[in-house]
file coords36.cif (mmCIF, C-alpha atoms)
data_input
loop_
_atom_site.label_atom_id
_atom_site.label_comp_id
_atom_site.auth_asym_id
_atom_site.auth_seq_id
_atom_site.Cartn_x
_atom_site.Cartn_y
_atom_site.Cartn_z
CA MET A 1 -25.34 -173.02 -39.93
CA LYS A 2 -23.70 -170.29 -41.99
CA TYR A 3 -20.23 -168.96 -41.18
CA PHE A 4 -18.71 -165.55 -41.83
CA GLY A 5 -15.08 -164.53 -42.00
CA GLY A 6 -12.84 -161.54 -41.48
CA CYS A 7 -9.17 -161.49 -42.52
CA ASP A 8 -6.85 -158.68 -41.43
CA VAL A 9 -3.58 -158.71 -43.39
CA GLY A 10 -1.18 -156.44 -41.52
CA SER A 11 2.44 -155.55 -42.14
CA THR A 12 3.65 -157.70 -39.24
CA TYR A 13 0.87 -160.25 -38.58
CA GLY A 14 -2.10 -161.72 -40.40
CA LYS A 15 -5.24 -162.28 -38.32
CA SER A 16 -8.50 -164.04 -39.09
CA VAL A 17 -11.80 -164.58 -37.25
CA ILE A 18 -14.71 -166.87 -38.12
CA LEU A 19 -18.19 -166.09 -36.71
CA ASP A 20 -21.35 -168.15 -36.71
CA GLU A 21 -24.80 -166.70 -37.39
CA ASN A 22 -25.14 -165.60 -33.76
CA GLY A 23 -21.88 -163.63 -33.80
CA THR A 24 -19.97 -166.18 -31.71
CA ILE A 25 -16.28 -166.60 -32.49
CA VAL A 26 -15.81 -170.22 -33.60
CA GLY A 27 -12.29 -169.89 -34.98
CA SER A 28 -9.41 -167.41 -35.00
CA SER A 29 -5.74 -167.15 -35.87
CA ILE A 30 -2.72 -164.88 -35.59
CA VAL A 31 0.20 -165.67 -37.93
CA ARG A 32 3.44 -163.90 -38.72
CA SER A 33 3.14 -162.08 -42.05
CA LYS A 34 4.90 -163.58 -45.06
CA ILE A 35 6.55 -161.56 -47.83
CA SER A 36 3.43 -162.22 -49.90
CA ALA A 37 0.20 -160.69 -48.54
CA LEU A 38 -1.72 -163.39 -50.43
CA GLU A 39 0.15 -166.17 -48.64
CA THR A 40 -0.41 -164.43 -45.29
CA ALA A 41 -4.15 -164.26 -45.95
CA LYS A 42 -4.34 -167.90 -47.02
CA LEU A 43 -2.43 -169.09 -43.96
CA ALA A 44 -4.46 -166.98 -41.50
CA LEU A 45 -7.77 -168.14 -43.00
CA ALA A 46 -6.72 -171.80 -43.07
CA GLU A 47 -5.72 -171.76 -39.39
CA ALA A 48 -8.93 -169.99 -38.33
CA ILE A 49 -11.13 -172.36 -40.33
CA ALA A 50 -9.39 -175.58 -39.19
CA PRO A 51 -11.29 -176.04 -35.87
CA VAL A 52 -14.72 -175.23 -37.38
CA GLU A 53 -16.62 -178.47 -37.96
CA GLY A 54 -18.15 -178.70 -41.42
CA LEU A 55 -16.10 -175.82 -42.82
CA ASN A 56 -13.25 -176.84 -45.12
CA ASN A 57 -12.00 -173.67 -46.78
CA SER A 58 -12.73 -169.96 -47.25
CA THR A 59 -14.82 -170.52 -50.38
CA GLU A 60 -17.48 -172.13 -48.15
CA LEU A 61 -17.92 -168.99 -46.03
CA ALA A 62 -21.26 -167.25 -46.54
CA TYR A 63 -19.46 -163.90 -46.67
CA LEU A 64 -15.82 -162.85 -46.27
CA VAL A 65 -14.43 -159.36 -45.65
CA GLY A 66 -10.78 -158.44 -46.05
CA THR A 67 -9.07 -155.61 -44.17
CA GLY A 68 -5.60 -154.31 -43.32
CA TYR A 69 -2.91 -152.98 -45.64
CA GLY A 70 -3.06 -156.20 -47.68
CA ARG A 71 -6.87 -156.38 -47.82
CA ASN A 72 -6.91 -156.46 -51.62
CA LYS A 73 -4.98 -159.73 -51.49
CA VAL A 74 -7.49 -161.66 -49.36
CA PRO A 75 -8.56 -164.60 -51.55
CA PHE A 76 -12.26 -164.96 -52.37
CA ALA A 77 -13.18 -161.86 -50.29
CA ASP A 78 -16.65 -160.56 -51.07
CA GLU A 79 -15.65 -157.07 -49.97
CA ASN A 80 -12.75 -155.04 -48.56
CA ILE A 81 -13.23 -152.57 -45.69
CA SER A 82 -10.63 -150.24 -44.14
CA GLU A 83 -8.88 -151.38 -40.97
CA ILE A 84 -10.02 -148.21 -39.19
CA SER A 85 -13.69 -149.13 -39.66
CA CYS A 86 -13.02 -152.76 -38.79
CA HIS A 87 -11.18 -151.95 -35.56
CA ALA A 88 -14.05 -149.70 -34.52
CA MET A 89 -16.62 -152.42 -35.18
CA GLY A 90 -14.50 -155.13 -33.53
CA VAL A 91 -14.13 -153.11 -30.34
CA HIS A 92 -17.81 -152.14 -30.42
CA VAL A 93 -19.05 -155.75 -30.45
CA THR A 94 -16.53 -156.63 -27.73
CA ASP A 95 -17.27 -153.66 -25.45
CA PRO A 96 -19.84 -151.09 -26.67
CA ASN A 97 -18.87 -148.78 -23.79
CA VAL A 98 -15.51 -147.95 -25.40
CA SER A 99 -15.56 -144.66 -27.29
CA THR A 100 -11.87 -144.18 -28.18
CA ILE A 101 -9.35 -146.66 -29.60
CA ILE A 102 -5.59 -146.34 -29.84
CA ASP A 103 -4.43 -148.89 -32.40
CA ILE A 104 -0.68 -149.52 -32.60
CA GLY A 105 0.15 -151.46 -35.73
CA GLY A 106 3.45 -152.67 -37.10
CA GLN A 107 4.03 -149.43 -39.02
CA ASP A 108 1.58 -146.81 -37.75
CA ILE A 109 -0.44 -145.47 -34.81
CA LYS A 110 -4.13 -144.61 -35.11
CA GLY A 111 -6.52 -142.78 -32.81
CA ILE A 112 -10.13 -143.76 -33.53
CA ALA A 113 -13.31 -142.29 -32.07
CA VAL A 114 -16.18 -144.81 -32.12
CA ASP A 115 -19.82 -143.83 -32.48
CA LYS A 116 -22.65 -145.59 -30.59
CA ASP A 117 -23.35 -147.92 -33.53
CA GLY A 118 -19.72 -149.01 -33.95
CA THR A 119 -18.97 -146.72 -36.89
CA VAL A 120 -16.06 -144.25 -36.95
CA SER A 121 -16.90 -140.69 -35.95
CA ASN A 122 -13.32 -139.38 -36.24
CA PHE A 123 -9.75 -140.64 -36.54
CA ALA A 124 -6.13 -139.50 -36.63
CA MET A 125 -3.18 -141.42 -37.97
CA ASN A 126 0.60 -141.23 -37.70
CA ASP A 127 2.07 -143.10 -40.66
CA LYS A 128 4.99 -140.81 -41.49
CA CYS A 129 7.46 -142.29 -38.99
CA ALA A 130 8.01 -145.73 -37.49
CA ALA A 131 8.66 -144.36 -33.99
CA GLY A 132 6.15 -145.78 -31.54
CA THR A 133 4.97 -148.60 -33.79
CA GLY A 134 5.27 -152.35 -33.34
CA ARG A 135 8.49 -152.46 -35.32
CA PHE A 136 9.90 -149.68 -33.15
CA PHE A 137 9.25 -151.77 -30.03
CA GLU A 138 10.90 -154.78 -31.66
CA ALA A 139 13.99 -152.68 -32.38
CA MET A 140 14.08 -151.25 -28.84
CA ALA A 141 13.71 -154.70 -27.26
CA ALA A 142 16.47 -156.03 -29.51
CA ALA A 143 18.76 -153.24 -28.27
CA PHE A 144 18.32 -154.74 -24.79
CA GLU A 145 18.72 -158.29 -26.18
CA LEU A 146 15.17 -159.05 -24.95
CA ASN A 147 11.89 -160.08 -26.51
CA ILE A 148 8.85 -157.77 -26.28
CA GLU A 149 7.39 -159.50 -23.22
CA GLU A 150 10.69 -159.35 -21.33
CA PHE A 151 11.13 -155.70 -22.32
CA SER A 152 7.64 -154.86 -21.03
CA LYS A 153 8.27 -156.57 -17.70
CA LEU A 154 11.64 -154.81 -17.34
CA SER A 155 10.06 -151.36 -17.83
CA MET A 156 7.46 -152.04 -15.15
CA THR A 157 10.16 -152.54 -12.49
CA ALA A 158 11.50 -148.97 -12.88
CA LYS A 159 11.27 -146.56 -9.97
CA ASN A 160 12.27 -143.61 -12.18
CA VAL A 161 11.99 -142.77 -15.88
CA ILE A 162 14.89 -141.68 -18.09
CA PRO A 163 13.34 -139.54 -20.87
CA ILE A 164 14.04 -140.53 -24.48
CA THR A 165 14.25 -137.25 -26.39
CA ALA A 166 14.76 -138.43 -29.99
CA GLN A 167 11.59 -138.38 -32.12
CA CYS A 168 12.98 -140.58 -34.92
CA SER A 169 13.16 -144.35 -34.43
CA VAL A 170 16.73 -144.51 -35.79
CA PHE A 171 17.96 -141.72 -33.51
CA ALA A 172 15.98 -143.12 -30.57
CA GLU A 173 17.72 -146.47 -30.99
CA SER A 174 21.10 -144.72 -31.02
CA GLU A 175 20.13 -142.76 -27.90
CA VAL A 176 19.10 -145.96 -26.11
CA ILE A 177 22.34 -147.73 -27.06
CA SER A 178 24.33 -144.75 -25.73
CA LEU A 179 22.41 -144.78 -22.43
CA VAL A 180 23.01 -148.52 -22.03
CA ALA A 181 26.72 -147.98 -22.74
CA GLU A 182 26.76 -145.35 -19.97
CA ASP A 183 25.46 -148.02 -17.54
CA LYS A 184 22.21 -146.17 -16.90
CA PRO A 185 19.61 -148.42 -15.24
CA LYS A 186 18.10 -150.49 -18.04
CA GLU A 187 14.66 -150.60 -16.46
CA GLU A 188 14.58 -146.79 -16.32
CA ILE A 189 15.61 -146.52 -19.98
CA ALA A 190 12.91 -149.04 -20.89
CA ALA A 191 10.34 -147.02 -18.92
CA GLY A 192 11.46 -143.92 -20.82
CA ILE A 193 10.82 -145.67 -24.12
CA GLN A 194 7.33 -146.69 -22.98
CA MET A 195 6.60 -143.12 -21.88
CA ALA A 196 7.83 -141.67 -25.19
CA VAL A 197 5.46 -143.95 -27.12
CA ALA A 198 2.61 -143.23 -24.69
CA LYS A 199 2.98 -139.51 -25.41
CA ARG A 200 2.75 -140.19 -29.15
CA CYS A 201 -0.38 -142.25 -28.54
CA PHE A 202 -1.82 -139.43 -26.45
CA VAL A 203 -1.47 -137.04 -29.38
CA MET A 204 -3.36 -139.43 -31.69
CA ALA A 205 -6.07 -140.00 -29.08
CA LYS A 206 -6.45 -136.27 -28.48
CA LYS A 207 -6.85 -135.60 -32.20
CA ALA A 208 -9.49 -138.33 -32.50
CA GLY A 209 -11.27 -137.45 -29.24
CA THR A 210 -10.42 -138.73 -25.75
CA ASP A 211 -13.80 -138.41 -24.05
CA GLY A 212 -15.12 -141.58 -22.46
CA ASN A 213 -13.51 -145.00 -22.17
CA ILE A 214 -10.25 -145.75 -24.02
CA THR A 215 -8.79 -149.08 -25.08
CA LEU A 216 -5.69 -150.29 -26.91
CA THR A 217 -5.79 -152.60 -29.93
CA GLY A 218 -3.07 -154.32 -31.93
CA GLY A 219 -0.23 -156.49 -30.72
CA CYS A 220 1.21 -153.66 -28.63
CA ALA A 221 -1.95 -153.72 -26.49
CA LYS A 222 -0.35 -156.73 -24.79
CA ASN A 223 2.56 -154.56 -23.66
CA GLY A 224 1.82 -153.99 -19.97
CA GLY A 225 4.50 -151.34 -19.63
CA LEU A 226 2.97 -149.27 -22.43
CA LYS A 227 -0.52 -149.58 -20.94
CA LYS A 228 0.79 -148.35 -17.61
CA ALA A 229 2.62 -145.41 -19.20
CA LEU A 230 -0.42 -144.50 -21.30
CA ALA A 231 -2.71 -144.60 -18.28
CA ASP A 232 -0.30 -142.21 -16.52
CA VAL A 233 -0.27 -139.82 -19.49
CA LEU A 234 -4.04 -139.90 -20.03
CA LYS A 235 -4.76 -139.89 -16.29
CA LYS A 236 -7.38 -142.59 -16.75
CA ASP A 237 -7.53 -146.39 -16.82
CA ILE A 238 -7.17 -148.25 -20.11
CA ILE A 239 -10.07 -150.64 -20.71
CA GLU A 240 -8.89 -154.24 -21.13
CA LEU A 241 -10.84 -156.11 -23.79
CA LYS A 242 -12.10 -159.64 -23.12
CA THR A 243 -11.21 -160.74 -26.66
CA ASP A 244 -7.57 -160.68 -27.83
CA PRO A 245 -6.92 -157.01 -28.80
CA GLN A 246 -4.77 -158.15 -31.70
CA LEU A 247 -7.87 -159.70 -33.31
CA MET A 248 -10.02 -156.54 -33.31
CA GLY A 249 -9.54 -155.72 -37.00
CA ALA A 250 -10.34 -159.28 -38.07
CA LEU A 251 -13.27 -159.46 -35.66
CA GLY A 252 -14.73 -156.23 -37.00
CA ALA A 253 -14.32 -157.50 -40.57
CA ALA A 254 -16.07 -160.75 -39.62
CA GLU A 255 -18.94 -158.83 -37.98
CA TYR A 256 -19.39 -156.73 -41.11
CA ALA A 257 -19.38 -160.00 -43.08
CA ARG A 258 -22.03 -161.45 -40.77
CA GLN A 259 -24.28 -158.40 -41.08
CA LYS A 260 -23.96 -158.27 -44.85
CA GLY A 261 -24.24 -162.04 -45.28
CA LEU A 262 -27.42 -162.31 -43.22
CA ALA A 263 -28.94 -159.36 -45.09
CA LYS A 264 -28.51 -161.03 -48.49
#
call {"tool": "encode", "arguments": {"input": "coords36.cif", "output": "structure tokens"}}
result
Amino acid sequence: MKYFGGCDVGSTYGKSVILDENGTIVGSSIVRSKISALETAKLALAEAIAPVEGLNNSTELAYLVGTGYGRNKVPFADENISEISCHAMGVHVTDPNVSTIIDIGGQDIKGIAVDKDGTVSNFAMNDKCAAGTGRFFEAMAAAFELNIEEFSKLSMTAKNVIPITAQCSVFAESEVISLVAEDKPKEEIAAGIQMAVAKRCFVMAKKAGTDGNITLTGGCAKNGGLKKALADVLKKDIIELKTDPQLMGALGAAEYARQKGLAK
């Protein structure tokens, strides 16, 4: 049996997926990114490979594709492919009915339109400001002295939404702190933050193309409050993927590796 790997080195987390010849996931990992992209890649690959019987290290993979901002640091990679292409392919093999992806990474937001074969037909990207990204959510949750999961649950209890008007993450954090100091309902402030990010996501999705089914990828896809706010803004349900949405980039990279490895 041959095995194929994908390693997605992001700014916040490193992810890796190992596929067998049939495209079945036999190993995966999500690790917090280190200062060194190389160390992140090594750690993610080692954890994904560990449960695979007969596979000892990444050099034994039949083909390995690196992706993410640190893709050039993936050790022994046979090829590097952009995270946009890999997210599209990862979602396509998970649910071929999805035509639009909103990917919220640690430092950017992407809207990706997926063609029928899993390739990218169009995309839009917001990488000029940290507002609405994973790090933005971490900062907002910290302002409430909560973790991301607690923050998400808090926002979903709100009966009303207090709008967050600041477009910059630094000013938004100041605005939130001021609202908390004024004893405004915390759940309504949290809901306002989710809605502000959802509107940013809507812009990216609209630029990429919002026809058809939409899904969220990245760690923020696990934020129930954001999914609810985004569904309200888009006026349609958000498709929930059966495979961990945070693994989509690594899964797509592994699928590209499988296709290219089998074709050799």
call {"tool": "residues_near_point", "arguments": {"input": "coords36.cif", "point": "(-10.3, -157.0, -39.2)", "cutoff": "9 Å", "atoms": "all atoms listed in the file", "output": "PDB file with C-alpha atoms, keeping the file's coordinate frame"}}
result
ATOM      1  CA  GLY A   6     -12.840-161.540 -41.480  1.00  0.00           C
ATOM      2  CA  CYS A   7      -9.170-161.490 -42.520  1.00  0.00           C
ATOM      3  CA  ASP A   8      -6.850-158.680 -41.430  1.00  0.00           C
ATOM      4  CA  VAL A   9      -3.580-158.710 -43.390  1.00  0.00           C
ATOM      5  CA  LYS A  15      -5.240-162.280 -38.320  1.00  0.00           C
ATOM      6  CA  SER A  16      -8.500-164.040 -39.090  1.00  0.00           C
ATOM      7  CA  VAL A  17     -11.800-164.580 -37.250  1.00  0.00           C
ATOM      8  CA  VAL A  65     -14.430-159.360 -45.650  1.00  0.00           C
ATOM      9  CA  GLY A  66     -10.780-158.440 -46.050  1.00  0.00           C
ATOM     10  CA  THR A  67      -9.070-155.610 -44.170  1.00  0.00           C
ATOM     11  CA  GLY A  68      -5.600-154.310 -43.320  1.00  0.00           C
ATOM     12  CA  ILE A  81     -13.230-152.570 -45.690  1.00  0.00           C
ATOM     13  CA  SER A  82     -10.630-150.240 -44.140  1.00  0.00           C
ATOM     14  CA  GLU A  83      -8.880-151.380 -40.970  1.00  0.00           C
ATOM     15  CA  ILE A  84     -10.020-148.210 -39.190  1.00  0.00           C
ATOM     16  CA  SER A  85     -13.690-149.130 -39.660  1.00  0.00           C
ATOM     17  CA  CYS A  86     -13.020-152.760 -38.790  1.00  0.00           C
ATOM     18  CA  HIS A  87     -11.180-151.950 -35.560  1.00  0.00           C
ATOM     19  CA  MET A  89     -16.620-152.420 -35.180  1.00  0.00           C
ATOM     20  CA  GLY A  90     -14.500-155.130 -33.530  1.00  0.00           C
ATOM     21  CA  LEU A 247      -7.870-159.700 -33.310  1.00  0.00           C
ATOM     22  CA  MET A 248     -10.020-156.540 -33.310  1.00  0.00           C
ATOM     23  CA  GLY A 249      -9.540-155.720 -37.000  1.00  0.00           C
ATOM     24  CA  ALA A 250     -10.340-159.280 -38.070  1.00  0.00           C
ATOM     25  CA  LEU A 251     -13.270-159.460 -35.660  1.00  0.00           C
ATOM     26  CA  GLY A 252     -14.730-156.230 -37.000  1.00  0.00           C
ATOM     27  CA  ALA A 253     -14.320-157.500 -40.570  1.00  0.00           C
ATOM     28  CA  ALA A 254     -16.070-160.750 -39.620  1.00  0.00           C
ATOM     29  CA  GLU A 255     -18.940-158.830 -37.980  1.00  0.00           C
TER      30      GLU A 255
END
call {"tool": "resolve_selection", "arguments": {"input": "coords36.cif", "expression": "the PyMOL selection byres ((chain A and resi 152) around 6)", "output": "JSON list (two decimals) with C-alpha atoms, in the coordinates of the input"}}
result
[["chain", "number", "residue", "atom", "x", "y", "z"],
["A", 149, "GLU", "CA", 7.39, -159.50, -23.22],
["A", 150, "GLU", "CA", 10.69, -159.35, -21.33],
["A", 151, "PHE", "CA", 11.13, -155.70, -22.32],
["A", 153, "LYS", "CA", 8.27, -156.57, -17.70],
["A", 154, "LEU", "CA", 11.64, -154.81, -17.34],
["A", 155, "SER", "CA", 10.06, -151.36, -17.83],
["A", 223, "ASN", "CA", 2.56, -154.56, -23.66],
["A", 224, "GLY", "CA", 1.82, -153.99, -19.97],
["A", 225, "GLY", "CA", 4.50, -151.34, -19.63]]
call {"tool": "resolve_selection", "arguments": {"input": "coords36.cif", "expression": "the PyMOL selection byres ((chain A and resi 44-49) around 7)", "output": "count of residues only"}}
result
22
call {"tool": "closest_residue", "arguments": {"input": "coords36.cif", "among": "A:Ala172, A:Val114, A:Ala142, A:Ile189", "to": "Val91 in chain A", "atoms": "all atoms listed in the file"}}
result
A:Val114
call {"tool": "residues_around", "arguments": {"input": "coords36.cif", "residues": "Ala263 in chain A", "least_positions_apart": "4", "cutoff": "12 Å", "atoms": "all atoms listed in the file", "output": "number ranges by chain"}}
result
A: 21, 62-63, 256-259
call {"tool": "closest_residue", "arguments": {"input": "coords36.cif", "among": "A:Met156, A:Ile148, A:Leu262, A:Leu216", "to": "Glu240 in chain A", "atoms": "only C-alpha atoms"}}
result
A:Leu216
call {"tool": "closest_residue", "arguments": {"input": "coords36.cif", "among": "A:Lys186, A:Lys73, A:Lys236, A:Lys207", "to": "Leu38 in chain A", "atoms": "all atoms listed in the file"}}
result
A:Lys73
call {"tool": "closest_residue", "arguments": {"input": "coords36.cif", "among": "A:Gly5, A:Arg71, A:Ile177, A:Glu187", "to": "Asn160 in chain A", "atoms": "only C-alpha atoms"}}
result
A:Glu187
call {"tool": "atom_distance", "arguments": {"input": "coords36.cif", "atom1": "CA of Leu61 in chain A", "atom2": "CA of Lys2 in chain A"}}
result
7.2 Å
call {"tool": "closest_residue", "arguments": {"input": "coords36.cif", "among": "A:Glu175, A:Ala143, A:Phe202, A:Ala88", "to": "Lys116 in chain A", "atoms": "all atoms listed in the file"}}
result
A:Ala88
call {"tool": "resolve_selection", "arguments": {"input": "coords36.cif", "expression": "the PyMOL selection byres ((chain A and resi 203) around 12)", "output": "list in words"}}
result
Ile102, Ile109, Lys110, Gly111, Ile112, Phe123, Ala124, Met125, Asn126, Gly132, Ala196, Val197, Ala198, Lys199, Arg200, Cys201, Phe202, Met204, Ala205, Lys206, Lys207, Ala208, Gly209, Thr210, Leu230, Val233 and Leu234 of chain A
call {"tool": "residues_near_point", "arguments": {"input": "coords36.cif", "point": "(0.0, -148.1, -35.1)", "cutoff": "6 Å", "atoms": "all atoms listed in the file", "output": "NGL selection string"}}
result
:A and (103-105 or 107-110 or 133)
call {"tool": "atom_distance", "arguments": {"input": "coords36.cif", "atom1": "CA of Val26 in chain A", "atom2": "CA of Gly106 in chain A"}}
result
26.3 Å
call {"tool": "atom_distance", "arguments": {"input": "coords36.cif", "atom1": "CA of Phe144 in chain A", "atom2": "CA of Ile164 in chain A"}}
result
14.8 Å
call {"tool": "closest_residue", "arguments": {"input": "coords36.cif", "among": "A:Thr12, A:Asp183, A:Thr215, A:Gly134", "to": "Ile239 in chain A", "atoms": "only C-alpha atoms"}}
result
A:Thr215
call {"tool": "decode", "arguments": {"input": "coords36.cif", "residues": "range 207-225 of chain A", "atoms": "N, CA and C atoms", "output": "compact mmCIF listing (two decimals), in the first residue's frame"}}
result
# COMPACT_ATOMS: atom_id res chain seq x y z
N LYS A 207 -17.64 38.50 -3.94
CA LYS A 207 -16.63 38.74 -4.96
C LYS A 207 -16.25 37.44 -5.67
N ALA A 208 -16.20 36.34 -4.91
CA ALA A 208 -15.83 35.06 -5.50
C ALA A 208 -17.00 34.43 -6.25
N GLY A 209 -18.22 34.66 -5.77
CA GLY A 209 -19.41 34.06 -6.37
C GLY A 209 -20.18 33.26 -5.34
N THR A 210 -21.41 33.68 -5.02
CA THR A 210 -22.17 33.06 -3.93
C THR A 210 -23.26 32.10 -4.41
N ASP A 211 -23.31 31.81 -5.69
CA ASP A 211 -24.33 30.88 -6.18
C ASP A 211 -24.07 29.48 -5.64
N GLY A 212 -25.14 28.77 -5.33
CA GLY A 212 -24.99 27.38 -4.88
C GLY A 212 -24.70 27.26 -3.40
N ASN A 213 -24.20 26.09 -3.01
CA ASN A 213 -23.96 25.77 -1.61
C ASN A 213 -22.66 26.41 -1.11
N ILE A 214 -22.70 26.89 0.13
CA ILE A 214 -21.55 27.57 0.74
C ILE A 214 -21.12 26.83 2.00
N THR A 215 -19.81 26.73 2.21
CA THR A 215 -19.29 26.15 3.44
C THR A 215 -18.18 27.02 3.99
N LEU A 216 -17.87 26.81 5.26
CA LEU A 216 -16.77 27.50 5.93
C LEU A 216 -15.62 26.52 6.14
N THR A 217 -14.38 26.99 5.94
CA THR A 217 -13.21 26.18 6.27
C THR A 217 -12.29 26.98 7.18
N GLY A 218 -11.31 26.30 7.73
CA GLY A 218 -10.42 26.93 8.71
C GLY A 218 -10.93 26.72 10.12
N GLY A 219 -10.11 27.08 11.08
CA GLY A 219 -10.48 26.88 12.48
C GLY A 219 -11.73 27.62 12.88
N CYS A 220 -11.98 28.79 12.26
CA CYS A 220 -13.15 29.60 12.59
C CYS A 220 -14.45 28.96 12.14
N ALA A 221 -14.37 27.92 11.29
CA ALA A 221 -15.57 27.20 10.87
C ALA A 221 -16.22 26.48 12.04
N LYS A 222 -15.46 26.31 13.13
CA LYS A 222 -15.99 25.65 14.33
C LYS A 222 -16.68 26.64 15.27
N ASN A 223 -16.71 27.90 14.87
CA ASN A 223 -17.34 28.96 15.65
C ASN A 223 -18.83 29.00 15.30
N GLY A 224 -19.66 28.40 16.14
CA GLY A 224 -21.09 28.31 15.88
C GLY A 224 -21.76 29.66 15.77
N GLY A 225 -21.30 30.62 16.55
CA GLY A 225 -21.89 31.96 16.51
C GLY A 225 -21.63 32.64 15.18
